[in-house]
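Single-structure report; data block below.
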Amino acid sequence: MERGTVTKSTGSWYTVRLKDGRIIQCSIRGKFRIRGIRATNPVAVGDHVRFVWSEDHLSGIITSIEERTNYIIRKSSKLSKEYQLVACNVDTAWLMISMVLPRTLTAFIDRFLISAEAYRIPVIILFNKTDLYGEQEEAEMEELWSVYTKIGYRCMKLSLQTREGIESVRNEMKDKVNVIAGNSGVGKSTLIQVLDPTIRLKIGDISEFHRTGKHTTTFSEMFELPSGIQIIDTPGLRGFGTIDIDRSELFHFFPEIFRASEGCRYHNCLHINEPECAVKTMVDKGAISASRYVNYLMMMEIEPGKYR
């Protein structure tokens, strides 16, 4: 029985890296594929697995997955399953966003942060393409920076064109398993190539018609970079869904709403239209971001204009 880490998943085959650096292609048994697993991909990049050699000793068959410390998921496009595993056993998640080409919406940011909170993954918000920002974009970035740092999230700036901020990112990633997430075209694959020019990844241009990124990465893959950096590139995500979070518990994963909820009159307050709700009071005072609260209501499937 051998042990290794999954570095790439293409659906039917899994690339597994052994401790000595050898790379083995593995498959999984049919029974293992469906046994109590609701994901479209039961094995994901970052998983530590056990496998046995095939008869010809040229490939392997995964027999078990070690317990995961955490994982990142997204809603699957396949109706038969509930979700897709994006990455597992992550030390830091980097949410790469931009004010331009493509512009990242706060709804996307908050959905990602909620999922990371639910599975206890530290997040750093990375503002990319800062060399393209005009005065308006700079102001918008500073506003978001203020909102998220007050909540407790770390924010960093980056320009892959001028290399501003790249050494700070490199130092932060050292000796960690990092996953990069963000909309298509935001610069995830380019960042990996800047960190290690020997890696050749397919880079897509921004669609001039839709002003959003073309999907160039179709599956997650882990790369080993200098300085002990392990980095997982993920498919470009146009949206990020949350699952397995009960409506009554959603506010637990908005740190500032959860903190404010201690002052609510009712312990089961959902912070929608209940009387003496401390959360709504904080929103009205500007102590809780209106955009964050609106995104909370949208996740609760409440139209923002009807909560009063």
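Naming scheme: A, B, ... for chains in displayed order of the structure tokens; residues 1 onward per chain; ligands 1 onward as shown.
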
**Request:** Please provide as a VMD selection string all residues within 9 Å of Gly11 of chain A, with the sequence filter that same-chain residues fewer than 2 positions apart are discarded (counting only C-alpha atoms).
**Result:** chain A and resid 9 13 to 14 40 to 41 219

**Message:** I want to know what sits within 9 Å of Leu191 of chain A, based on only C-alpha atoms, with residues of the same chain fewer than 4 positions away left out; could you give that as JSON, numbers by chain?
**Reply:** {"A": [160, 166, 187, 195, 196]}

**Prompt:** So how far away is atom CA of Val147 of chain A from atom CA of Ala290 of chain A, in Å?
**Reply:**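 Computed distance, atom CA of Ala290 of chain A to atom CA of Val147 of chain A, equals 9.9 Å.
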
**Close residues, Ile72 of chain A itself excluded, 7 Å, only C-alpha atoms, min 6 positions apart in chain, as an MDAnalysis selection string** = chainID A and resid 85:88 116

**Asked** Which value, in Å to one decimal, gives the distance between atom CA of Ile192 of chain A and atom CA of Arg120 of chain A?
**Response**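 A separation of 24.3 Å between them.
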
Taking a cut-off of 12 Å and counting only C-alpha atoms, can you build a table that, for each residue of segment 115-163 of chain A near segment 266-289 of chain A, reports the nearest atom pair and how far apart they are in Å (one decimal), sorted by chain then residue number, as CSV?
residue,atom,partner,partner_atom,distance
A:Glu143,CA,A:Ser289,CA,10.1
A:Leu144,CA,A:Ser289,CA,9.5
A:Trp145,CA,A:Ser289,CA,11.8
A:Ser146,CA,A:Ser289,CA,9.9
A:Val147,CA,A:Ser289,CA,6.6
A:Tyr148,CA,A:Ser289,CA,9.2
A:Thr149,CA,A:Ser289,CA,11.8
A:Lys150,CA,A:Ile288,CA,9.5
A:Ile151,CA,A:Ile288,CA,9.0

**Asked** Which one is closest to Arg292 of chain A: A:Gln161, A:Ile114, A:Pro235, A:Arg154? Count only C-alpha atoms.
**Response** A:Ile114

**Request:** Write out as JSON, numbers by chain all residues of segment 80-286 of chain A that backbone DSSP assigns to helix (DSSP H, G or I).
**Result:** {"A": [106, 107, 108, 109, 110, 111, 112, 113, 114, 115, 116, 117, 118, 130, 131, 132, 135, 136, 137, 138, 139, 140, 141, 142, 143, 144, 145, 146, 147, 148, 149, 150, 151, 166, 167, 168, 169, 170, 171, 172, 173, 188, 189, 190, 191, 192, 193, 194, 195, 226, 227, 228, 247, 248, 249, 250, 251, 252, 253, 255, 256, 257, 258, 259, 260, 261, 262, 263, 278, 279, 280, 281, 282, 283, 284, 285]}

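The shortest atom-to-atom distance to Arg170 of chain A, with only C-alpha atoms taken into account, belongs to A:Ser227 out of A:Thr7, A:Ser59, A:Ser12, A:Ser227.
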
**Complete:** As a check of understanding: the span from atom CA of Asp56 of chain A to atom CA of Ser27 of chain A is 13.9 Å

**Prompt:** Using only C-alpha atoms, which residues sit within 6 Å of segment 91-98 of chain A once same-chain residues fewer than 6 positions away are excluded, as a list in words?
**Reply:**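 The neighbour list is Thr104, Pro122, Val123, Ile124, Ile125, Leu126, Phe127, Asn128, Lys176, Val177, Asn178, Val179, Ile180, Ala181 and Gly182 of chain A.
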
Taking C-alpha atoms for each residue, export the selection above as a CSV table (one decimal), in the first residue's frame.
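Generated file (part.csv):
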chain,number,residue,atom,x,y,z
A,104,THR,CA,-15.6,41.1,-9.3
A,122,PRO,CA,-8.2,31.3,6.2
A,123,VAL,CA,-8.8,33.7,3.2
A,124,ILE,CA,-6.6,36.5,1.9
A,125,ILE,CA,-8.4,38.8,-0.6
A,126,LEU,CA,-6.0,39.7,-3.4
A,127,PHE,CA,-6.8,42.8,-5.4
A,128,ASN,CA,-5.2,42.3,-8.8
A,176,LYS,CA,1.9,26.4,2.6
A,177,VAL,CA,-0.7,24.7,0.5
A,178,ASN,CA,-2.4,27.6,-1.2
A,179,VAL,CA,-5.5,27.6,-3.4
A,180,ILE,CA,-6.3,30.5,-5.8
A,181,ALA,CA,-9.9,31.2,-6.7
A,182,GLY,CA,-11.6,33.9,-8.6
